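Next up, upload-v3.cif (mmCIF, C-alpha atoms):
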data_entry
#
loop_
_atom_site.group_PDB
_atom_site.id
_atom_site.type_symbol
_atom_site.label_atom_id
_atom_site.label_comp_id
_atom_site.auth_asym_id
_atom_site.auth_seq_id
_atom_site.Cartn_x
_atom_site.Cartn_y
_atom_site.Cartn_z
ATOM 1 C CA MET X 1 -79.549 -107.191 -86.155
ATOM 2 C CA TRP X 2 -78.414 -108.879 -82.948
ATOM 3 C CA LEU X 3 -76.250 -111.948 -83.431
ATOM 4 C CA PHE X 4 -76.981 -113.115 -79.926
ATOM 5 C CA LYS X 5 -80.170 -112.944 -77.961
ATOM 6 C CA LYS X 6 -80.284 -109.859 -75.782
ATOM 7 C CA LYS X 7 -80.427 -110.694 -72.094
ATOM 8 C CA SER X 8 -83.797 -109.831 -70.567
ATOM 9 C CA TYR X 9 -84.350 -108.361 -67.121
ATOM 10 C CA SER X 10 -87.518 -108.848 -65.118
ATOM 11 C CA ASN X 11 -87.472 -105.402 -63.497
ATOM 12 C CA ASP X 12 -85.649 -102.081 -63.198
ATOM 13 C CA GLU X 13 -83.725 -103.206 -60.142
ATOM 14 C CA ASP X 14 -82.166 -106.109 -62.065
ATOM 15 C CA LEU X 15 -80.989 -103.618 -64.699
ATOM 16 C CA THR X 16 -79.523 -101.211 -62.155
ATOM 17 C CA ARG X 17 -77.785 -104.064 -60.322
ATOM 18 C CA GLU X 18 -76.257 -105.379 -63.546
ATOM 19 C CA TYR X 19 -75.070 -101.881 -64.507
ATOM 20 C CA PHE X 20 -73.619 -101.333 -61.036
ATOM 21 C CA ILE X 21 -71.592 -104.523 -61.502
ATOM 22 C CA SER X 22 -70.698 -104.372 -65.196
ATOM 23 C CA GLY X 23 -70.740 -100.657 -66.056
ATOM 24 C CA GLU X 24 -72.368 -101.453 -69.423
ATOM 25 C CA LYS X 25 -73.945 -98.142 -70.482
ATOM 26 C CA ALA X 26 -76.461 -99.829 -72.778
ATOM 27 C CA LEU X 27 -78.254 -100.975 -69.633
ATOM 28 C CA VAL X 28 -78.811 -97.360 -68.563
ATOM 29 C CA GLY X 29 -80.019 -96.711 -72.096
ATOM 30 C CA ASP X 30 -82.671 -99.387 -71.614
ATOM 31 C CA LEU X 31 -83.780 -97.787 -68.355
ATOM 32 C CA PHE X 32 -83.816 -94.352 -69.930
ATOM 33 C CA GLU X 33 -85.879 -95.519 -72.906
ATOM 34 C CA LYS X 34 -88.419 -97.111 -70.567
ATOM 35 C CA HIS X 35 -88.908 -94.020 -68.404
ATOM 36 C CA VAL X 36 -88.056 -91.100 -70.719
ATOM 37 C CA LYS X 37 -91.684 -90.086 -71.373
ATOM 38 C CA THR X 38 -92.402 -89.874 -67.657
ATOM 39 C CA VAL X 39 -89.188 -87.913 -66.993
ATOM 40 C CA TYR X 40 -89.988 -85.499 -69.833
ATOM 41 C CA GLY X 41 -93.521 -85.003 -68.514
ATOM 42 C CA VAL X 42 -92.241 -84.127 -65.042
ATOM 43 C CA CYS X 43 -89.638 -81.724 -66.462
ATOM 44 C CA LEU X 44 -92.289 -80.053 -68.609
ATOM 45 C CA PHE X 45 -94.514 -79.771 -65.546
ATOM 46 C CA TYR X 46 -91.802 -77.874 -63.663
ATOM 47 C CA PHE X 47 -90.397 -75.694 -66.457
ATOM 48 C CA GLY X 48 -93.379 -75.154 -68.733
ATOM 49 C CA ASP X 49 -91.014 -74.975 -71.720
ATOM 50 C CA LYS X 50 -90.477 -77.900 -74.086
ATOM 51 C CA GLU X 51 -86.882 -77.112 -75.067
ATOM 52 C CA ILE X 52 -85.767 -76.544 -71.490
ATOM 53 C CA ALA X 53 -87.525 -79.774 -70.495
ATOM 54 C CA LYS X 54 -85.693 -81.693 -73.252
ATOM 55 C CA ASP X 55 -82.341 -80.323 -72.082
ATOM 56 C CA ALA X 56 -83.177 -81.318 -68.515
ATOM 57 C CA VAL X 57 -84.036 -84.860 -69.624
ATOM 58 C CA MET X 58 -80.593 -85.278 -71.203
ATOM 59 C CA GLN X 59 -78.877 -83.882 -68.099
ATOM 60 C CA ILE X 60 -80.813 -86.352 -65.953
ATOM 61 C CA PHE X 61 -79.765 -89.208 -68.259
ATOM 62 C CA GLU X 62 -76.124 -88.194 -67.752
ATOM 63 C CA LYS X 63 -76.707 -88.200 -63.983
ATOM 64 C CA MET X 64 -78.150 -91.706 -64.244
ATOM 65 C CA ILE X 65 -74.983 -92.927 -65.982
ATOM 66 C CA THR X 66 -72.784 -91.455 -63.239
ATOM 67 C CA GLU X 67 -74.832 -92.054 -60.107
ATOM 68 C CA LEU X 68 -76.043 -95.586 -60.844
ATOM 69 C CA LYS X 69 -72.435 -96.693 -61.248
ATOM 70 C CA LYS X 70 -71.577 -95.379 -57.773
ATOM 71 C CA THR X 71 -74.676 -96.548 -55.892
ATOM 72 C CA GLU X 72 -76.679 -99.758 -56.031
ATOM 73 C CA VAL X 73 -80.297 -98.593 -56.113
ATOM 74 C CA LYS X 74 -82.833 -100.795 -54.343
ATOM 75 C CA TYR X 75 -86.019 -99.100 -55.643
ATOM 76 C CA PHE X 76 -85.412 -97.442 -59.006
ATOM 77 C CA LYS X 77 -88.670 -95.533 -59.557
ATOM 78 C CA GLY X 78 -88.438 -93.867 -56.159
ATOM 79 C CA TRP X 79 -84.790 -92.991 -56.771
ATOM 80 C CA LEU X 80 -85.536 -91.607 -60.244
ATOM 81 C CA SER X 81 -88.428 -89.511 -58.936
ATOM 82 C CA PHE X 82 -86.107 -88.017 -56.305
ATOM 83 C CA VAL X 83 -83.376 -87.261 -58.874
ATOM 84 C CA VAL X 84 -85.766 -85.679 -61.391
ATOM 85 C CA ARG X 85 -87.527 -83.482 -58.851
ATOM 86 C CA ASN X 86 -84.287 -82.311 -57.234
ATOM 87 C CA HIS X 87 -82.757 -81.543 -60.627
ATOM 88 C CA CYS X 88 -85.758 -79.477 -61.702
ATOM 89 C CA ILE X 89 -85.941 -77.495 -58.468
ATOM 90 C CA SER X 90 -82.193 -76.900 -58.530
ATOM 91 C CA GLU X 91 -82.419 -75.535 -62.076
ATOM 92 C CA LEU X 92 -85.397 -73.357 -61.156
ATOM 93 C CA ARG X 93 -83.375 -71.818 -58.361
ATOM 94 C CA LYS X 94 -80.461 -71.104 -60.725
ATOM 95 C CA GLN X 95 -82.723 -69.592 -63.357
ATOM 96 C CA LYS X 96 -85.175 -67.693 -61.140
ATOM 97 C CA ASN X 97 -84.081 -64.331 -62.527
ATOM 98 C CA LYS X 98 -84.692 -65.349 -66.141
ATOM 99 C CA HIS X 99 -87.962 -64.534 -67.857
ATOM 100 C CA PHE X 100 -89.305 -68.091 -68.160
ATOM 101 C CA VAL X 101 -89.526 -68.582 -64.388
ATOM 102 C CA SER X 102 -91.656 -65.998 -62.641
ATOM 103 C CA GLU X 103 -91.212 -65.325 -58.932
ATOM 104 C CA SER X 104 -94.757 -66.481 -58.280
ATOM 105 C CA TYR X 105 -94.086 -69.776 -60.057
ATOM 106 C CA LEU X 106 -90.929 -70.314 -58.031
ATOM 107 C CA ASP X 107 -92.776 -69.449 -54.820
ATOM 108 C CA PHE X 108 -95.377 -72.070 -55.687
ATOM 109 C CA GLU X 109 -92.802 -74.794 -56.233
ATOM 110 C CA MET X 110 -90.745 -73.949 -53.157
ATOM 111 C CA LYS X 111 -93.219 -72.689 -50.589
ATOM 112 C CA GLU X 112 -96.927 -73.046 -51.292
ATOM 113 C CA THR X 113 -97.052 -76.826 -51.443
ATOM 114 C CA SER X 114 -96.351 -78.240 -47.996
ATOM 115 C CA LEU X 115 -93.664 -80.820 -47.336
ATOM 116 C CA GLU X 116 -96.402 -83.214 -46.235
ATOM 117 C CA ALA X 117 -98.213 -82.802 -49.576
ATOM 118 C CA GLU X 118 -95.012 -83.260 -51.580
ATOM 119 C CA THR X 119 -94.116 -86.379 -49.573
ATOM 120 C CA LEU X 120 -97.560 -87.916 -50.047
ATOM 121 C CA ILE X 121 -97.477 -87.335 -53.808
ATOM 122 C CA GLU X 122 -93.949 -88.707 -54.202
ATOM 123 C CA GLN X 123 -94.863 -91.967 -52.445
ATOM 124 C CA VAL X 124 -97.622 -92.844 -54.915
ATOM 125 C CA LYS X 125 -96.845 -95.297 -57.716
ATOM 126 C CA GLU X 126 -97.176 -94.088 -61.317
ATOM 127 C CA ASP X 127 -100.244 -96.191 -62.175
ATOM 128 C CA GLU X 128 -102.015 -95.091 -58.974
ATOM 129 C CA MET X 129 -101.140 -91.450 -59.669
ATOM 130 C CA LEU X 130 -102.883 -91.666 -63.049
ATOM 131 C CA GLU X 131 -106.045 -92.828 -61.279
ATOM 132 C CA TYR X 132 -105.845 -89.951 -58.808
ATOM 133 C CA MET X 133 -105.272 -87.503 -61.670
ATOM 134 C CA ASN X 134 -108.387 -88.765 -63.473
ATOM 135 C CA ILE X 135 -110.392 -88.245 -60.291
ATOM 136 C CA CYS X 136 -109.027 -84.799 -59.407
ATOM 137 C CA LEU X 137 -108.709 -83.103 -62.803
ATOM 138 C CA PRO X 138 -112.483 -82.748 -63.364
ATOM 139 C CA SER X 139 -112.740 -80.952 -59.996
ATOM 140 C CA LEU X 140 -110.596 -78.043 -61.190
ATOM 141 C CA LYS X 141 -112.117 -74.867 -62.579
ATOM 142 C CA GLU X 142 -112.946 -75.399 -66.240
ATOM 143 C CA SER X 143 -110.375 -72.840 -67.414
ATOM 144 C CA GLN X 144 -107.595 -74.470 -65.377
ATOM 145 C CA ARG X 145 -108.524 -78.022 -66.364
ATOM 146 C CA VAL X 146 -108.699 -77.220 -70.078
ATOM 147 C CA CYS X 147 -105.364 -75.378 -70.122
ATOM 148 C CA LEU X 148 -103.585 -78.115 -68.129
ATOM 149 C CA GLU X 149 -104.907 -80.884 -70.373
ATOM 150 C CA LEU X 150 -104.056 -79.073 -73.611
ATOM 151 C CA PHE X 151 -100.576 -78.054 -72.450
ATOM 152 C CA TYR X 152 -99.397 -81.233 -70.677
ATOM 153 C CA LEU X 153 -101.463 -84.018 -72.200
ATOM 154 C CA LYS X 154 -101.752 -82.764 -75.792
ATOM 155 C CA GLY X 155 -98.475 -80.836 -75.913
ATOM 156 C CA MET X 156 -99.965 -77.621 -77.299
ATOM 157 C CA SER X 157 -98.103 -74.307 -77.132
ATOM 158 C CA TYR X 158 -99.558 -71.248 -75.384
ATOM 159 C CA GLN X 159 -100.423 -69.796 -78.796
ATOM 160 C CA GLN X 160 -102.212 -72.952 -79.948
ATOM 161 C CA ILE X 161 -104.202 -73.063 -76.708
ATOM 162 C CA SER X 162 -105.081 -69.406 -77.143
ATOM 163 C CA GLU X 163 -106.369 -70.030 -80.671
ATOM 164 C CA GLN X 164 -108.479 -72.966 -79.489
ATOM 165 C CA THR X 165 -109.849 -71.460 -76.263
ATOM 166 C CA LYS X 166 -109.744 -67.693 -76.911
ATOM 167 C CA TYR X 167 -107.877 -67.138 -73.615
ATOM 168 C CA SER X 168 -104.963 -64.711 -73.857
ATOM 169 C CA VAL X 169 -101.422 -66.069 -73.411
ATOM 170 C CA ASN X 170 -101.161 -64.382 -70.010
ATOM 171 C CA GLU X 171 -104.495 -65.880 -68.954
ATOM 172 C CA ILE X 172 -103.305 -69.324 -70.062
ATOM 173 C CA LYS X 173 -100.086 -69.021 -68.041
ATOM 174 C CA SER X 174 -102.122 -68.012 -64.998
ATOM 175 C CA HIS X 175 -104.630 -70.854 -65.452
ATOM 176 C CA ILE X 176 -101.796 -73.392 -65.770
ATOM 177 C CA GLN X 177 -99.919 -72.081 -62.740
ATOM 178 C CA ASN X 178 -103.014 -71.908 -60.521
ATOM 179 C CA GLY X 179 -104.297 -75.216 -61.868
ATOM 180 C CA LYS X 180 -101.029 -76.966 -61.011
ATOM 181 C CA ARG X 181 -101.103 -75.620 -57.465
ATOM 182 C CA ASN X 182 -104.750 -76.581 -56.926
ATOM 183 C CA LEU X 183 -104.245 -79.999 -58.511
ATOM 184 C CA LYS X 184 -101.309 -80.764 -56.213
ATOM 185 C CA LEU X 185 -103.336 -79.785 -53.161
ATOM 186 C CA MET X 186 -106.292 -81.908 -54.316
ATOM 187 C CA LEU X 187 -104.058 -84.888 -55.045
ATOM 188 C CA ALA X 188 -102.413 -84.670 -51.632
ATOM 189 C CA GLU X 189 -105.792 -84.413 -49.876
ATOM 190 C CA LYS X 190 -107.204 -87.383 -51.828
ATOM 191 C CA ILE X 191 -104.139 -89.527 -51.121
ATOM 192 C CA LYS X 192 -104.141 -88.585 -47.421
ATOM 193 C CA THR X 193 -107.854 -89.385 -47.070
ATOM 194 C CA GLU X 194 -107.450 -92.827 -48.601
ATOM 195 C CA LYS X 195 -104.300 -93.495 -46.596
ATOM 196 C CA ASP X 196 -106.022 -92.564 -43.318
ATOM 197 C CA ALA X 197 -109.009 -94.739 -44.192
ATOM 198 C CA ALA X 198 -106.842 -97.794 -44.939
#
Take the structure in the file and give it back as structure tokens.
Amino acid sequence: MWLFKKKSYSNDEDLTREYFISGEKALVGDLFEKHVKTVYGVCLFYFGDKEIAKDAVMQIFEKMITELKKTEVKYFKGWLSFVVRNHCISELRKQKNKHFVSESYLDFEMKETSLEAETLIEQVKEDEMLEYMNICLPSLKESQRVCLELFYLKGMSYQQISEQTKYSVNEIKSHIQNGKRNLKLMLAEKIKTEKDAA
């Protein structure tokens, strides 16, 4: 039980500023607790493996402790998105010869999605992205939509998805990979259309 009232902060930037000044690691812990589900979801999206994603989350937390002490961050969510994505892509490059990252998956992450698409997606706020996802997901092929929702939103394993849908494990991996690529392209197109119309 706290003997003194814990100081409250109105936003992430207040927390990062206070940590930059004081170096109190509990402040980074507060930030981490607030965003850990989102960070884990992004890591799972890139790696497709829950244990690897969990390890990546902890490595990113350690980076937060180090980097936020050296740099005063003006917009935390944008900074965190940049750190998470760069960490995941860096790890994919290191591990590209291991069985859990196929060449085609790596090609998708590095080449098939244009820089313009990646930039558009990264600029969207989390709450807006959820709206875009709800709009675009139903437009995917049924097999891709079902596998993406069961894997990322319900946290099912390939085997559990196979038992529920009757797709083979290899089919599920293919549906997830192709669904991710198509979803990214749809999201980028939707965001660009609305941005141009504004």
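Shortest atom-to-atom contact with Val36 of chain X among X:Ile21, X:Val84, X:Ile52, X:Met133: X:Val84, counting only C-alpha atoms.
Distance check against Tyr46 of chain X using all atoms listed in the file: of X:Glu72, X:Glu67, X:Glu142, X:Glu91, the minimum falls on X:Glu91.
Closest approach to Lys173 of chain X from the set X:Thr66, X:Thr193, X:Ser143, X:Ser90 is made by X:Ser143, with distances taken over all atoms listed in the file.
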Sphere at (-92.4, -75.7, -65.2), radius 9 Å, counting all atoms listed in the file: residues as a VMD selection string: chain X and resid 42 to 49 53 88 92 100 to 101 105 177
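Between atom CA of Val169 of chain X and atom CA of Leu148 of chain X lies a distance of 13.3 Å.
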Please list as a PyMOL selection string every residue within 10 Å of Gly179 of chain X, counting all atoms listed in the file and excluding residues in the same chain fewer than 4 positions away. chain X and resi 137+140-148+173-175+183-185
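Taking only C-alpha atoms into account, Thr38 of chain X lies nearest to X:Ser81 out of the set X:Ser157, X:Asn182, X:Ser81, X:Asn11.
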Residue nearest Phe76 of chain X - candidates X:Arg17, X:Lys63, X:Lys37, X:Lys50, atoms counted: only C-alpha atoms: X:Arg17
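Nearest residue to Gln59 of chain X among X:Ser168, X:Val39, X:Tyr158, X:Lys180 is X:Val39, counting all atoms listed in the file.
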Computed gap from atom CA of Asn170 of chain X to atom CA of Lys54 of chain X is 23.4 Å
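For the pair atom CA of His87 of chain X and atom CA of Ala56 of chain X, the interatomic distance is 7.9 Å.
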Would you write out, as a VMD selection string, every residue that the PyMOL selection byres ((chain X and resi 32) around 12) captures in this file? chain X and resid 12 15 to 16 25 to 31 33 to 40 57 to 65 76 to 77 80
